Amino acid sequence: MNKAIYIATIDENCGKTIITLGLMRTLLGKTAKVGYFRPIIEDVEEGEKDTHIDMVISHFGLDIEYEDAYAITKSKLIKKKNKGKLGEVVDLIIEKFKKLEERFDFVLVEGTSFSGEGTVIELDMNVLIAKNLGIPTIILGSGVRKTLEELIDSLNLAYNSFKLKEVEVLAVIANKVQPQNLELVTTGLQKNLPESILINSIPLIPSLNNPTIQEIVEALDAKILFGHGYLNNQIGSYSIGAMQLCNYLLHLKENGLIITPGDRADIILGALQANESANYPSVSGIVLTGNITPENSILKLIEGLSSVVPIITVEGGTYHIANTIGSIKSKIYAGNLQKIETSINTFDKYVDLDALTNKFNAFEAEGMTPKMFQYNLVKRAKEHRKHIVLPEGSDERIIIAAARLQAMDVVDISIIGNKKQIENKVAELGLDFDFSKVPIISPIDSGNYDDYVNTYYELRKAKNVTLGMAKDLMEDVSYFGTMMVYKGHADGMVSGAAHTTQHTILPALQFIKTKPNCSVVSSVFFMCLEDRVSVFGDCAINPNPTAEQLAEIAISSADSSLAFGIEPKVAMLSYSSGSSGKGDEVDKVRAATEIVKQKRPDLKIEGPIQYDAAVDLEVGQSKMPNSEVAGHASVLIFPDLNTGNNTYKAVQRETGALAIGPMLQGLNKPVNDLSRGCTVDDIINTVVITAIQAQGL
């Protein structure tokens, strides 16, 4: 069984980061522990780190020290080769790789970058490394500045170089191909390479090629005047502000970078105003040339603006700076989530993942690890795309999450809020946001408002709700969003970042209501621990459930566990294990367990049982030696909200576990509640699980 794969490029700037990020995300969804290794890296300044290694390790949270992720720098390699000591380099590479191989189920190995000194030896070096490590290879080539014949010939030559040394080639990928030529390139490669080779073509993605403001600052040694928080702004294009403002405004393009002398206050202020205006494209940043800083009066005026894009000042003339910016080779670094997510989404879209993973001999790890769980969540959400409404458009976290979900291309989103305010916030945050794909809805201005009012009135008039009350409530974002779900205009709702749990779920209880065989709404958290995913319920809704309610919570939680790919082994938690404990609380848990056994004899369940006996194999076997659940529990049901809420938070804080949820159970359609202290990642995870819930309806 292969335990590693080698990514080899055939020339400079092939865009192998797309392959690395996409493969890493795929592998983490298939196996528990994935390592990352670069045998040879570019030289870095003393005390600095290779940005590529740092980005991969930090983004995926890999358990690897930086020094263990590479073997040698390129300059040291060349010196060794010139002294006839290349064998020492190979020995070092093998030694460091084997250490990673022992620790991880799979190791992703990334070859050299073909830049700077020594590029003439790189293909041979990559063949040599893959051969000595005994691992198969993916070959990647770029279509930039190549004819079809040149691209096919270069990839075919690389394939033959690996096969000559008996290195197995699993796939050949042509990257940075003009979109209209994708099929032509794929067909051409298929004619020239064996049928056993997986062949894919990936188009040129402009947003991945253009630099960010941060990269321009570093390349030009620029001084930052404004916008320190938005240096990751992505540049769509750049233009020189040399004409009169009235004419220059006509040349602005979306996410454009403006290059202008530092004394052109008219261009500077006009560009900032255009960025605020709904009638002009957004501006990614402003580069002031000639080492000229605007006068104090202009700086003071800029400081008072509500939002300011990055403004940097550089030495050098305007046209020289423009040429320099045009030659910057953009890289993907740890903080640039937008580029990382675009890369992963591009890989998912254009590479045949199933065929590729089959060629890895289909690694199957026992159980469900956190990375596998998260990978499978996104994959499932993409398979049957759903529409989720976010009613809290005034919250910055919601807007950022919506932008990232858009980049992930995993669900359709609607946001309830003030469109102008949201547009201003998007511009202020420097987000890449396509408003044509995300409707911004104002309840009272919506074409559905009157219908929603009348629907709510008819549903609730028996509860003494008047038409006037219905109108007032439908202006509330939670009620309006819930009505969108009820009417089928959205498949699910995620709220609670700026509202209480009661405010979020009360409308759902009033008219979405519970499922036919369900009398109680409850919740679960998916607790992503170091080596497993556990389901905790109920930790958010029911303060002190009865035995009947507790049984229903256990059944709902087991069904949720199964729906998300986790085999349910249910532990009904208490302060006592087995029949030894006495008291009302333990009796309640014992009664609930019996009810579950009667209603669902198919479920593996144990109770009452203590937490340690439920999750620790040694303790579980000593206390309950004949139990199928003790020591193996995947679904843990707490006797009351006090115990459940405190336990999930204690586990989360003390172990660093990721808690995804709460996910509500029992409603006819999915409505999920966020914590008011939620992060952007919490929102994204909750949206994804809501979309998957909607698939099951």
# chains A, B, ... in the order shown; residues from 1 in each chain; ligands from 1

call {"tool": "residues_around", "arguments": {"residues": "A:His59", "least_positions_apart": "3", "cutoff": "9 Å", "atoms": "only C-alpha atoms", "output": "list in words"}}
result
Asp54, Met55, Val56, Leu62, Ala334, Gly335, Leu337 and Ile340 of chain A

call {"tool": "write_last_selection", "arguments": {"atoms": "N, CA, C and O atoms", "output": "PDB file, in the first residue's frame"}}
result
ATOM      1  N   ASP A  54       5.329  26.925   5.660  1.00  0.00           N
ATOM      2  CA  ASP A  54       4.593  27.569   6.753  1.00  0.00           C
ATOM      3  C   ASP A  54       3.104  27.623   6.447  1.00  0.00           C
ATOM      4  O   ASP A  54       2.261  27.384   7.328  1.00  0.00           O
ATOM      5  N   MET A  55       2.764  27.913   5.195  1.00  0.00           N
ATOM      6  CA  MET A  55       1.359  28.005   4.799  1.00  0.00           C
ATOM      7  C   MET A  55       0.659  26.657   4.916  1.00  0.00           C
ATOM      8  O   MET A  55      -0.442  26.554   5.473  1.00  0.00           O
ATOM      9  N   VAL A  56       1.266  25.593   4.413  1.00  0.00           N
ATOM     10  CA  VAL A  56       0.630  24.267   4.446  1.00  0.00           C
ATOM     11  C   VAL A  56       0.468  23.774   5.882  1.00  0.00           C
ATOM     12  O   VAL A  56      -0.604  23.301   6.270  1.00  0.00           O
ATOM     13  N   LEU A  62      -1.099  20.827  10.706  1.00  0.00           N
ATOM     14  CA  LEU A  62      -0.345  19.579  10.706  1.00  0.00           C
ATOM     15  C   LEU A  62       0.579  19.499  11.920  1.00  0.00           C
ATOM     16  O   LEU A  62       1.175  20.491  12.331  1.00  0.00           O
ATOM     17  N   ALA A 334       0.319  31.938   4.255  1.00  0.00           N
ATOM     18  CA  ALA A 334      -0.571  31.419   5.299  1.00  0.00           C
ATOM     19  C   ALA A 334      -1.810  32.275   5.540  1.00  0.00           C
ATOM     20  O   ALA A 334      -2.894  31.754   5.744  1.00  0.00           O
ATOM     21  N   GLY A 335      -1.665  33.602   5.535  1.00  0.00           N
ATOM     22  CA  GLY A 335      -2.787  34.457   5.894  1.00  0.00           C
ATOM     23  C   GLY A 335      -3.799  34.689   4.796  1.00  0.00           C
ATOM     24  O   GLY A 335      -4.855  35.264   5.023  1.00  0.00           O
ATOM     25  N   LEU A 337      -6.425  33.426   3.085  1.00  0.00           N
ATOM     26  CA  LEU A 337      -7.431  32.373   3.031  1.00  0.00           C
ATOM     27  C   LEU A 337      -8.187  32.359   1.715  1.00  0.00           C
ATOM     28  O   LEU A 337      -8.606  31.305   1.233  1.00  0.00           O
ATOM     29  N   ILE A 340      -6.157  30.444  -0.784  1.00  0.00           N
ATOM     30  CA  ILE A 340      -6.102  29.037  -0.387  1.00  0.00           C
ATOM     31  C   ILE A 340      -7.409  28.340  -0.742  1.00  0.00           C
ATOM     32  O   ILE A 340      -7.416  27.251  -1.336  1.00  0.00           O
TER      33      ILE A 340
END

call {"tool": "select_by_dssp", "arguments": {"residues": "stretch 308-481 of chain A", "states": "helix (DSSP H, G or I)", "output": "count of residues only"}}
result
99

call {"tool": "residues_around", "arguments": {"residues": "stretch 201-213 of chain A", "least_positions_apart": "2", "cutoff": "6 Å", "atoms": "only C-alpha atoms", "output": "PDB file with C-alpha atoms, in the first residue's frame"}}
result
ATOM      1  CA  ILE A 173      -1.874  17.429 -14.962  1.00  0.00           C
ATOM      2  CA  ALA A 174      -1.692  20.428 -17.300  1.00  0.00           C
ATOM      3  CA  ASN A 175      -2.188  23.643 -15.311  1.00  0.00           C
ATOM      4  CA  LYS A 176      -2.733  27.279 -16.315  1.00  0.00           C
ATOM      5  CA  VAL A 177      -4.418  26.312 -19.579  1.00  0.00           C
ATOM      6  CA  GLN A 178      -6.615  28.844 -21.376  1.00  0.00           C
ATOM      7  CA  PRO A 179     -10.203  27.826 -20.513  1.00  0.00           C
ATOM      8  CA  LEU A 182      -9.019  22.540 -21.720  1.00  0.00           C
ATOM      9  CA  THR A 186      -6.671  16.790 -22.252  1.00  0.00           C
ATOM     10  CA  GLU A 215       3.283  40.963  -1.841  1.00  0.00           C
ATOM     11  CA  ILE A 216       3.684  44.362  -3.501  1.00  0.00           C
ATOM     12  CA  LEU A 231      -2.965  43.992   2.960  1.00  0.00           C
ATOM     13  CA  ASN A 232      -4.371  40.659   1.757  1.00  0.00           C
ATOM     14  CA  ASN A 233      -6.582  42.544  -0.705  1.00  0.00           C
ATOM     15  CA  GLN A 234      -6.440  40.744  -4.040  1.00  0.00           C
ATOM     16  CA  ILE A 235      -5.596  42.768  -7.160  1.00  0.00           C
ATOM     17  CA  SER A 330       2.421  35.887  -6.800  1.00  0.00           C
ATOM     18  CA  TYR A 350     -10.984  20.094 -12.349  1.00  0.00           C
TER      19      TYR A 350
END

call {"tool": "closest_residue", "arguments": {"among": "A:Ala633, A:Leu509, A:Val535, A:Leu429", "to": "A:His228", "atoms": "only C-alpha atoms"}}
result
A:Leu429

call {"tool": "residues_around", "arguments": {"residues": "A:Ile268", "least_positions_apart": "2", "cutoff": "12 Å", "atoms": "only C-alpha atoms", "output": "ChimeraX atom specification"}}
result
/A:240-242,244-245,248-249,257-266,270-275,283,285-289,293-295,298-299,301-302,308-312
